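The next block holds one structure in the form of structure tokens; read it before the comments.
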Amino acid sequence: MITKRVVLRFPQRLVEQPIVYRLVKEYDLSFNILKAYVTPREEGLLVLELSGDNGKFEQAMQYLARVGVIVQPLSQDIKRNDARCTHCGACIAVCPTGALQLDQQTRRVNFYDYKCIACELCIRACPPRAMEVYF
Amino acid sequence: MTKTYEEINEKIRRGQAVVVTAEEMIEIVRKKGVSRAAKEIDVVTTGTFGPMCSSGAYLNIGHTRPRIKLGGGKVYLNDIPVCTGLAAVDLYIGCTALPDDDPRNKVYPGEFRYGGGHLIQDLVAGKDIKLVATAYGTDCYPRKKLETWINIRDVNEAVLFNPRNAYQNYNVAINLSDRIIYTYMGVLKPDRGDATYCSAGQLSPLLNDPYYRTIGIGTRIFLGGGVGYVVWNGTQHNPSVSRRENGVPCAPAGTIAVIGDLKQMKPEWLVGTSYVGYGATLTVGIGIPIPILDEEMARFTAVSDEEIWTQIVDYSEAYPQGISKSLGEVSYAQLKSGKIVVQDKEVPTVPLSSYPKAQEIALILKQWIQKGEFLLGEPVQTLPGPEVGITFKFLSEKSLNR
């Protein structure tokens with residue numbers, strides 16, 4: 001079993017195709033939609049948590065690449081600018097998944113990017129604006 | 001056993017002063033007792049790094065040829081309006097000022113991405129700042145328009161002058177309403193969804209000198225990464241609030257006004273910050289050395305988070321309406337544990353003042369003193385204490401029709 005959070009980018013020609021349906025039907029993956037939208041240029045963006053058998057997961061990724069979906073791990077999309085972060089802690093109020101957590105010993109804010117679901121609530125809640133989106 | 005400022009400064013000059021941070025002092029007094037600690041320790045350093053809205057800087061940008069009188073005119077620095085109610089080329093930047101075209105809270109909650117605090121940080125970082133000004137023109141100052149880049153290197157003076165900083169204790173903020181609220185205490189989730197607090201607690205300067213015995217006019221301090229001074233009590237200085245037996249106030253109390261040469265400060269200790277739905281401000285780094293003159297000062301500086309208490313205040317109704325009402329008292333040790341109980345509900349706590357940065361400031365100041373680079377300033381006058389009987393006033397409004 002493998003579970004990964006991925007960002008899928010759909011070019012315009014794929015926006016109307018049932019890609020996720022195929023992931024379920026043909027590769028037996030389960031999915032949890034974290035975020036989905038279509039941009040003004042009619043490109044689709046979908047953030048998914050996908051789980052399934054290792055081999056099938058790999059095949060599914062190959063399928064996505066073959067049809068032209070760009071796949072990227074989610075952790076690359078929300079980043080912390082460490083030069084701006086002051087470790088105040090304001091962001092932990094809004095983070096719904098515990099990706100931003102205060103270390104009780106050091107009192108520093110840790111960012112666990114693998115827990116991040118890219119909800120973007122921290123972006124504006126961060127007083128020095130240290131959290132950055134790269135969608 | 002008492003020590004004088006001069007004796008301690010002489011030890012600093014000789015590189016023999018024993019300097020510890022307010023965190024280290026807690027352990028030292030626990031292990032050795034107040035009496036031995038008072039003998040052995042000369043200086044305790046404190047630190048705080050939090051948003052401080054009553055902050056700003058004044059500049060003298062130098063006269064133009066032909067001359068212009070900006071006083072009474074309009075000046076924008078990076079589109080931020082600055083105060084011109086001074087002489088010809090003196091300006092004051094307030095850290096909460098916003099560009100005229102910032103949407104503020106018209107698109108709620110506003111983002112306040114760039115304000116006076118960000119401008120001050122850019123200035124300190126040595127970036128060129130765009131100046132656009134209009135003036136009315138006089139016989140001696142004929143010019144009416146000025147557009148130029150300025151840089152902190154080239155101006156005559158750049159001085160950080162903050163009328164109210166380093167609050168001695170602060171409220172814990174909570175939201176009792178059923179909607180999310182955006183405050184200067186951060187984002188508060190509905191129905192006690194979180195509780196925010198904003199003090200360095202046991203490291204905070206004024207909590208380590210609760211009766212202002214050593215922090216007064218003339219105290220030399222760490223300010224924004226450079227050297228500064230306490231010049232007055234801060235605005236809203238309110239020493240009269242209730243205190244615990246250890247002298248520590250249980251609510252926001254004393255404040256200080258501080259000053260220092262902005263040219264020697266650093267952008268990492270003066271950070272422009274934005275509070276969503278509230279506004280822009282400046283996060284200021286301040287560190288104050290406290291001389292251990294006697295056993296009382298040793299006891300004061302050994303105060304720990306367990307012994308510092310503060311009030312929980314509702315920011316959805318009580319605070320905005322100006323109703324003094326506490327929902328309970330908690331210690332900083334409880335706040336730092338990550339959760340407190342408010343009206344029978346367990347609530348996660350969220351700090352707004354950076355404790356790691358406060359530690360860093362206390363450490364830097366300790367090193368400055370150990371190296372003999374930083375001498376203590378003996379106050380020429382102390383700040384008003386509880387005995388003065390200051391009362392904190394709300395504005396009493398009067399009708400204009402009389």
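In the structure tokens, chains take the letters A, B, ... in the order shown, each chain's residues start at 1, and ligands count up from 1 in the order shown.
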Could you list, as a list in words, every residue of chain A that has an atom within 8 Å of an atom of chain B, counting only C-alpha atoms?
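Using only C-alpha atoms, chain A residues at most 8 Å from chain B: Thr86, His87, Cys88, Gly89, Ala90, Ile92, Ala93, Val94, Gln104, Thr106, Arg107, Arg108, Arg124, Ala125, Cys126, Pro127, Pro128 and Arg129 of chain A.
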Once you have the residues from the selection above, write them out as a short mmCIF file (atom, residue, chain, number, x, y, z; two decimals), in the first residue's frame, restricted to N, CA and C atoms.
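Final output, selection_6.cif:
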```cif
data_model
loop_
_atom_site.label_atom_id
_atom_site.label_comp_id
_atom_site.auth_asym_id
_atom_site.auth_seq_id
_atom_site.Cartn_x
_atom_site.Cartn_y
_atom_site.Cartn_z
N THR A 86 9.52 34.17 11.48
CA THR A 86 10.06 34.61 12.77
C THR A 86 9.74 33.61 13.88
N HIS A 87 9.09 32.49 13.51
CA HIS A 87 8.70 31.48 14.49
C HIS A 87 7.79 32.05 15.58
N CYS A 88 6.91 32.98 15.18
CA CYS A 88 6.01 33.55 16.19
C CYS A 88 4.96 32.53 16.59
N GLY A 89 4.40 31.81 15.61
CA GLY A 89 3.41 30.79 15.93
C GLY A 89 2.00 31.11 15.46
N ALA A 90 1.78 32.30 14.89
CA ALA A 90 0.43 32.71 14.50
C ALA A 90 -0.22 31.73 13.52
N ILE A 92 -0.17 28.50 13.37
CA ILE A 92 -0.68 27.22 13.86
C ILE A 92 -2.17 27.32 14.22
N ALA A 93 -2.65 28.56 14.41
CA ALA A 93 -4.08 28.75 14.72
C ALA A 93 -4.95 28.27 13.58
N VAL A 94 -4.51 28.48 12.35
CA VAL A 94 -5.38 28.21 11.21
C VAL A 94 -5.08 26.88 10.51
N GLN A 104 7.33 22.00 21.33
CA GLN A 104 7.21 22.40 22.73
C GLN A 104 8.57 22.66 23.38
N THR A 106 11.70 23.60 21.70
CA THR A 106 12.46 24.72 21.14
C THR A 106 11.60 25.97 20.95
N ARG A 107 10.27 25.82 21.03
CA ARG A 107 9.30 26.90 20.78
C ARG A 107 9.38 27.39 19.34
N ARG A 108 9.99 26.60 18.46
CA ARG A 108 10.04 26.99 17.05
C ARG A 108 8.88 26.34 16.31
N ARG A 124 -2.24 34.05 4.40
CA ARG A 124 -2.58 35.38 4.91
C ARG A 124 -2.49 35.47 6.42
N ALA A 125 -2.58 34.32 7.10
CA ALA A 125 -2.53 34.35 8.56
C ALA A 125 -1.12 34.58 9.08
N CYS A 126 -0.12 34.39 8.21
CA CYS A 126 1.28 34.57 8.63
C CYS A 126 1.64 36.06 8.65
N PRO A 127 1.90 36.64 9.81
CA PRO A 127 2.18 38.09 9.86
C PRO A 127 3.37 38.53 9.00
N PRO A 128 4.51 37.83 9.01
CA PRO A 128 5.60 38.28 8.11
C PRO A 128 5.49 37.72 6.70
N ARG A 129 4.37 37.04 6.41
CA ARG A 129 4.12 36.47 5.07
C ARG A 129 5.27 35.57 4.61
#
```
Which residues in chain A does DSSP call alpha helix (DSSP H)? List them as a PyMOL selection string.
chain A and resi 19-27+54-67+121-125
With a distance cut-off of 8 Å and only C-alpha atoms, select the neighbouring residues of Leu46 in chain A, excluding the residue or stretch itself and same-chain residues fewer than 2 positions from it, and output the selection as a PDB file with N, CA and C atoms, in the first residue's frame.
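Contents of part37.pdb, freshly written:
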```pdb
ATOM      1  N   VAL A   7      -0.292  16.809  -6.949  1.00  0.00           N
ATOM      2  CA  VAL A   7      -0.945  17.888  -7.680  1.00  0.00           C
ATOM      3  C   VAL A   7      -1.000  17.468  -9.140  1.00  0.00           C
ATOM      4  N   LEU A   8      -2.204  17.451  -9.701  1.00  0.00           N
ATOM      5  CA  LEU A   8      -2.355  17.087 -11.110  1.00  0.00           C
ATOM      6  C   LEU A   8      -2.739  18.332 -11.902  1.00  0.00           C
ATOM      7  N   ARG A   9      -2.053  18.553 -12.995  1.00  0.00           N
ATOM      8  CA  ARG A   9      -2.401  19.683 -13.862  1.00  0.00           C
ATOM      9  C   ARG A   9      -2.908  19.139 -15.189  1.00  0.00           C
ATOM     10  N   ILE A  33     -10.282  14.164  -2.574  1.00  0.00           N
ATOM     11  CA  ILE A  33     -10.012  15.438  -3.254  1.00  0.00           C
ATOM     12  C   ILE A  33      -9.731  16.526  -2.215  1.00  0.00           C
ATOM     13  N   LEU A  34      -8.567  17.116  -2.285  1.00  0.00           N
ATOM     14  CA  LEU A  34      -8.198  18.174  -1.346  1.00  0.00           C
ATOM     15  C   LEU A  34      -8.483  19.552  -1.932  1.00  0.00           C
ATOM     16  N   LYS A  35      -8.397  19.624  -3.248  1.00  0.00           N
ATOM     17  CA  LYS A  35      -8.600  20.921  -3.886  1.00  0.00           C
ATOM     18  C   LYS A  35      -8.799  20.682  -5.374  1.00  0.00           C
ATOM     19  N   ALA A  36      -9.679  21.477  -5.997  1.00  0.00           N
ATOM     20  CA  ALA A  36      -9.879  21.355  -7.443  1.00  0.00           C
ATOM     21  C   ALA A  36     -10.346  22.681  -8.001  1.00  0.00           C
ATOM     22  N   TYR A  37      -9.734  23.133  -9.074  1.00  0.00           N
ATOM     23  CA  TYR A  37     -10.297  24.270  -9.781  1.00  0.00           C
ATOM     24  C   TYR A  37      -9.833  24.335 -11.225  1.00  0.00           C
ATOM     25  N   GLY A  44      -6.942  22.669 -15.788  1.00  0.00           N
ATOM     26  CA  GLY A  44      -7.481  22.141 -14.541  1.00  0.00           C
ATOM     27  C   GLY A  44      -6.384  21.870 -13.546  1.00  0.00           C
ATOM     28  N   LEU A  48      -4.951  15.771  -4.972  1.00  0.00           N
ATOM     29  CA  LEU A  48      -5.542  14.514  -4.527  1.00  0.00           C
ATOM     30  C   LEU A  48      -4.651  13.797  -3.530  1.00  0.00           C
TER      31      LEU A  48
END
```
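The shortest atom-to-atom distance to Thr310 in chain B, with only C-alpha atoms taken into account, belongs to B:Leu207 out of B:Val230, B:Leu86, B:Ile390, B:Leu207.
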For Ala97 in chain B, which of B:Ala38, B:Cys140, B:Ala302, B:Cys53 is the closest residue, counting only C-alpha atoms?
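Selected residue with least distance to Ala97 in chain B: B:Cys53.
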Excluding Val342 in chain B and residues on its chain fewer than 5 positions from it, collect all residues at most 8 Å away from it, counting only C-alpha atoms, and give them as a VMD selection string.
chain B and resid 192 327 to 328 347
Can I get the selected residues back with N, CA and C atoms, as a PDB file, in the first residue's frame?
```pdb
ATOM      1  N   ARG B 192     -14.567  29.940  20.909  1.00  0.00           N
ATOM      2  CA  ARG B 192     -13.341  29.548  21.621  1.00  0.00           C
ATOM      3  C   ARG B 192     -12.527  28.521  20.824  1.00  0.00           C
ATOM      4  N   LEU B 327     -12.403  36.570  31.403  1.00  0.00           N
ATOM      5  CA  LEU B 327     -13.053  35.251  31.383  1.00  0.00           C
ATOM      6  C   LEU B 327     -12.243  34.251  32.194  1.00  0.00           C
ATOM      7  N   GLY B 328     -11.247  34.765  32.896  1.00  0.00           N
ATOM      8  CA  GLY B 328     -10.433  33.869  33.716  1.00  0.00           C
ATOM      9  C   GLY B 328      -8.973  34.248  33.646  1.00  0.00           C
ATOM     10  N   VAL B 347      -9.081  24.658  24.925  1.00  0.00           N
ATOM     11  CA  VAL B 347      -8.818  25.525  23.770  1.00  0.00           C
ATOM     12  C   VAL B 347      -7.320  25.501  23.442  1.00  0.00           C
TER      13      VAL B 347
END
```
Determine the nearest neighbour of Leu64 in chain A from the options A:Pro18, A:Pro40, A:Gly52, A:Gly98, counting only C-alpha atoms.
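Answer, going by the shortest atom-to-atom distance: A:Pro18.
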Neighbours of Met1 in chain B within 10 Å (only C-alpha atoms; same-chain residues fewer than 5 positions away dropped), as an MDAnalysis selection string?
chainID B and resid 35:36 38:39 293:295
The selected residues should be written to file as a CSV table (one decimal), in the first residue's frame (atoms: C-alpha atoms).
```csv
chain,number,residue,atom,x,y,z
B,35,SER,CA,21.3,35.6,48.1
B,36,ARG,CA,24.1,33.7,46.3
B,38,ALA,CA,22.6,38.3,43.9
B,39,LYS,CA,26.3,38.1,44.8
B,293,LEU,CA,21.9,45.6,42.3
B,294,ASP,CA,20.6,43.5,45.2
B,295,GLU,CA,18.7,40.4,46.3
```
Close residues, Asn110 in chain A itself excluded, 9 Å, only C-alpha atoms, min 3 positions apart in chain, as a compact mmCIF listing (two decimals) with C-alpha atoms, in the first residue's frame:
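Contents of the output file selection-v5.txt:
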```
# COMPACT_ATOMS: atom_id res chain seq x y z
CA HIS A 87 8.70 31.48 14.49
CA ALA A 99 1.42 20.62 9.15
CA LEU A 100 2.46 23.73 11.07
CA GLN A 101 3.23 22.85 14.65
CA LEU A 102 4.96 24.44 17.58
CA ASP A 103 7.82 22.39 18.98
```
Spatial neighbours of Gly247 in chain B, 12 Å, only C-alpha atoms, chain gap at least 4 places, as a list in words
Gln168, Leu206, Leu207, Asn208, Asp209, Pro210, Tyr211, Tyr212, Arg213, Pro239, Ser240, Val241, Ser242, Arg243, Ala251, Ala253, Glu296, Met297, Arg299, Phe300, Thr301, Val303, Glu307, Ile308, Trp309, Gly385 and Pro386 of chain B
Determine which residues of chain A DSSP labels as strand (DSSP E or B) from the backbone of this structure, then write them out as JSON, numbers by chain.
{"A": [2, 3, 4, 5, 6, 7, 8, 9, 10, 30, 31, 32, 33, 34, 35, 36, 37, 38, 44, 45, 46, 47, 48, 49, 50, 51, 52, 70, 71, 72, 73, 78, 79, 80, 100, 101, 102, 109, 110, 111, 131, 132, 133]}
Taking N, CA and C atoms for each residue, export the selection above as a tab-separated table (two decimals), in the first residue's frame.
```
chain	number	residue	atom	x	y	z
A	2	ILE	N	0.40	2.23	-0.74
A	2	ILE	CA	1.11	3.50	-0.78
A	2	ILE	C	0.07	4.63	-0.74
A	3	THR	N	0.41	5.70	-0.05
A	3	THR	CA	-0.46	6.88	-0.02
A	3	THR	C	0.38	8.10	-0.33
A	4	LYS	N	-0.08	8.87	-1.32
A	4	LYS	CA	0.69	10.07	-1.69
A	4	LYS	C	-0.25	11.22	-1.98
A	5	ARG	N	0.22	12.42	-1.68
A	5	ARG	CA	-0.55	13.62	-2.05
A	5	ARG	C	0.09	14.22	-3.28
A	6	VAL	N	-0.71	14.36	-4.32
A	6	VAL	CA	-0.16	14.84	-5.59
A	6	VAL	C	-0.97	15.99	-6.16
A	7	VAL	N	-0.29	16.81	-6.95
A	7	VAL	CA	-0.94	17.89	-7.68
A	7	VAL	C	-1.00	17.47	-9.14
A	8	LEU	N	-2.20	17.45	-9.70
A	8	LEU	CA	-2.36	17.09	-11.11
A	8	LEU	C	-2.74	18.33	-11.90
A	9	ARG	N	-2.05	18.55	-13.00
A	9	ARG	CA	-2.40	19.68	-13.86
A	9	ARG	C	-2.91	19.14	-15.19
A	10	PHE	N	-4.11	19.58	-15.54
A	10	PHE	CA	-4.76	19.10	-16.76
A	10	PHE	C	-4.70	20.17	-17.82
A	30	SER	N	-7.84	4.55	-4.33
A	30	SER	CA	-8.86	5.35	-3.65
A	30	SER	C	-8.34	6.79	-3.60
A	31	PHE	N	-9.26	7.75	-3.61
A	31	PHE	CA	-8.82	9.14	-3.68
A	31	PHE	C	-9.61	10.02	-2.73
A	32	ASN	N	-8.97	11.10	-2.33
A	32	ASN	CA	-9.60	12.10	-1.49
A	32	ASN	C	-9.25	13.44	-2.13
A	33	ILE	N	-10.28	14.16	-2.57
A	33	ILE	CA	-10.01	15.44	-3.25
A	33	ILE	C	-9.73	16.53	-2.22
A	34	LEU	N	-8.57	17.12	-2.29
A	34	LEU	CA	-8.20	18.17	-1.35
A	34	LEU	C	-8.48	19.55	-1.93
A	35	LYS	N	-8.40	19.62	-3.25
A	35	LYS	CA	-8.60	20.92	-3.89
A	35	LYS	C	-8.80	20.68	-5.37
A	36	ALA	N	-9.68	21.48	-6.00
A	36	ALA	CA	-9.88	21.36	-7.44
A	36	ALA	C	-10.35	22.68	-8.00
A	37	TYR	N	-9.73	23.13	-9.07
A	37	TYR	CA	-10.30	24.27	-9.78
A	37	TYR	C	-9.83	24.33	-11.23
A	38	VAL	N	-10.59	25.12	-11.99
A	38	VAL	CA	-10.26	25.32	-13.39
A	38	VAL	C	-9.88	26.79	-13.54
A	44	GLY	N	-6.94	22.67	-15.79
A	44	GLY	CA	-7.48	22.14	-14.54
A	44	GLY	C	-6.38	21.87	-13.55
A	45	LEU	N	-6.69	22.09	-12.25
A	45	LEU	CA	-5.74	21.77	-11.20
A	45	LEU	C	-6.46	20.96	-10.15
A	46	LEU	N	-5.88	19.82	-9.80
A	46	LEU	CA	-6.53	18.92	-8.86
A	46	LEU	C	-5.49	18.45	-7.85
A	47	VAL	N	-5.83	18.62	-6.57
A	47	VAL	CA	-4.94	18.12	-5.53
A	47	VAL	C	-5.61	16.91	-4.89
A	48	LEU	N	-4.95	15.77	-4.97
A	48	LEU	CA	-5.54	14.51	-4.53
A	48	LEU	C	-4.65	13.80	-3.53
A	49	GLU	N	-5.30	13.10	-2.62
A	49	GLU	CA	-4.56	12.10	-1.86
A	49	GLU	C	-4.94	10.76	-2.47
A	50	LEU	N	-3.94	10.03	-2.97
A	50	LEU	CA	-4.20	8.76	-3.65
A	50	LEU	C	-3.61	7.61	-2.84
A	51	SER	N	-4.38	6.53	-2.70
A	51	SER	CA	-3.86	5.34	-2.02
A	51	SER	C	-4.14	4.12	-2.87
A	52	GLY	N	-3.23	3.15	-2.81
A	52	GLY	CA	-3.46	1.91	-3.53
A	52	GLY	C	-2.24	1.02	-3.48
A	70	ILE	N	0.21	16.57	-15.92
A	70	ILE	CA	1.47	16.83	-15.23
A	70	ILE	C	1.30	16.53	-13.74
A	71	VAL	N	2.14	15.64	-13.23
A	71	VAL	CA	2.01	15.21	-11.84
A	71	VAL	C	3.19	15.72	-11.02
A	72	GLN	N	2.87	16.22	-9.84
A	72	GLN	CA	3.92	16.80	-8.98
A	72	GLN	C	3.57	16.48	-7.53
A	73	PRO	N	4.53	16.12	-6.70
A	73	PRO	CA	4.18	15.91	-5.29
A	73	PRO	C	3.70	17.21	-4.66
A	78	ILE	N	3.62	24.32	-1.43
A	78	ILE	CA	3.57	25.31	-0.35
A	78	ILE	C	4.93	25.27	0.32
A	79	LYS	N	5.56	26.42	0.33
A	79	LYS	CA	6.90	26.45	0.92
A	79	LYS	C	6.99	27.53	1.98
A	80	ARG	N	7.89	27.31	2.91
A	80	ARG	CA	8.13	28.33	3.90
A	80	ARG	C	9.42	29.05	3.56
A	100	LEU	N	1.70	22.70	10.36
A	100	LEU	CA	2.46	23.73	11.07
A	100	LEU	C	2.25	23.50	12.55
A	101	GLN	N	3.33	23.20	13.24
A	101	GLN	CA	3.23	22.85	14.65
A	101	GLN	C	4.33	23.50	15.46
A	102	LEU	N	3.98	23.85	16.69
A	102	LEU	CA	4.96	24.44	17.58
A	102	LEU	C	5.70	23.32	18.31
A	109	VAL	N	8.48	26.95	15.19
A	109	VAL	CA	7.40	26.39	14.38
A	109	VAL	C	8.00	25.42	13.37
A	110	ASN	N	7.53	24.19	13.39
A	110	ASN	CA	7.97	23.22	12.39
A	110	ASN	C	6.94	23.13	11.27
A	111	PHE	N	7.43	23.02	10.04
A	111	PHE	CA	6.54	22.83	8.89
A	111	PHE	C	6.74	21.42	8.33
A	131	MET	N	4.89	32.19	4.33
A	131	MET	CA	4.40	31.00	3.62
A	131	MET	C	4.09	31.39	2.18
A	132	GLU	N	4.60	30.58	1.25
A	132	GLU	CA	4.47	30.93	-0.16
A	132	GLU	C	3.83	29.80	-0.96
A	133	VAL	N	3.01	30.16	-1.94
A	133	VAL	CA	2.34	29.18	-2.80
A	133	VAL	C	3.02	29.15	-4.15
```
One decimal, in Å: what's the spacing between CA of Thr39 in chain A and CA of Arg13 in chain A?
13.4 Å
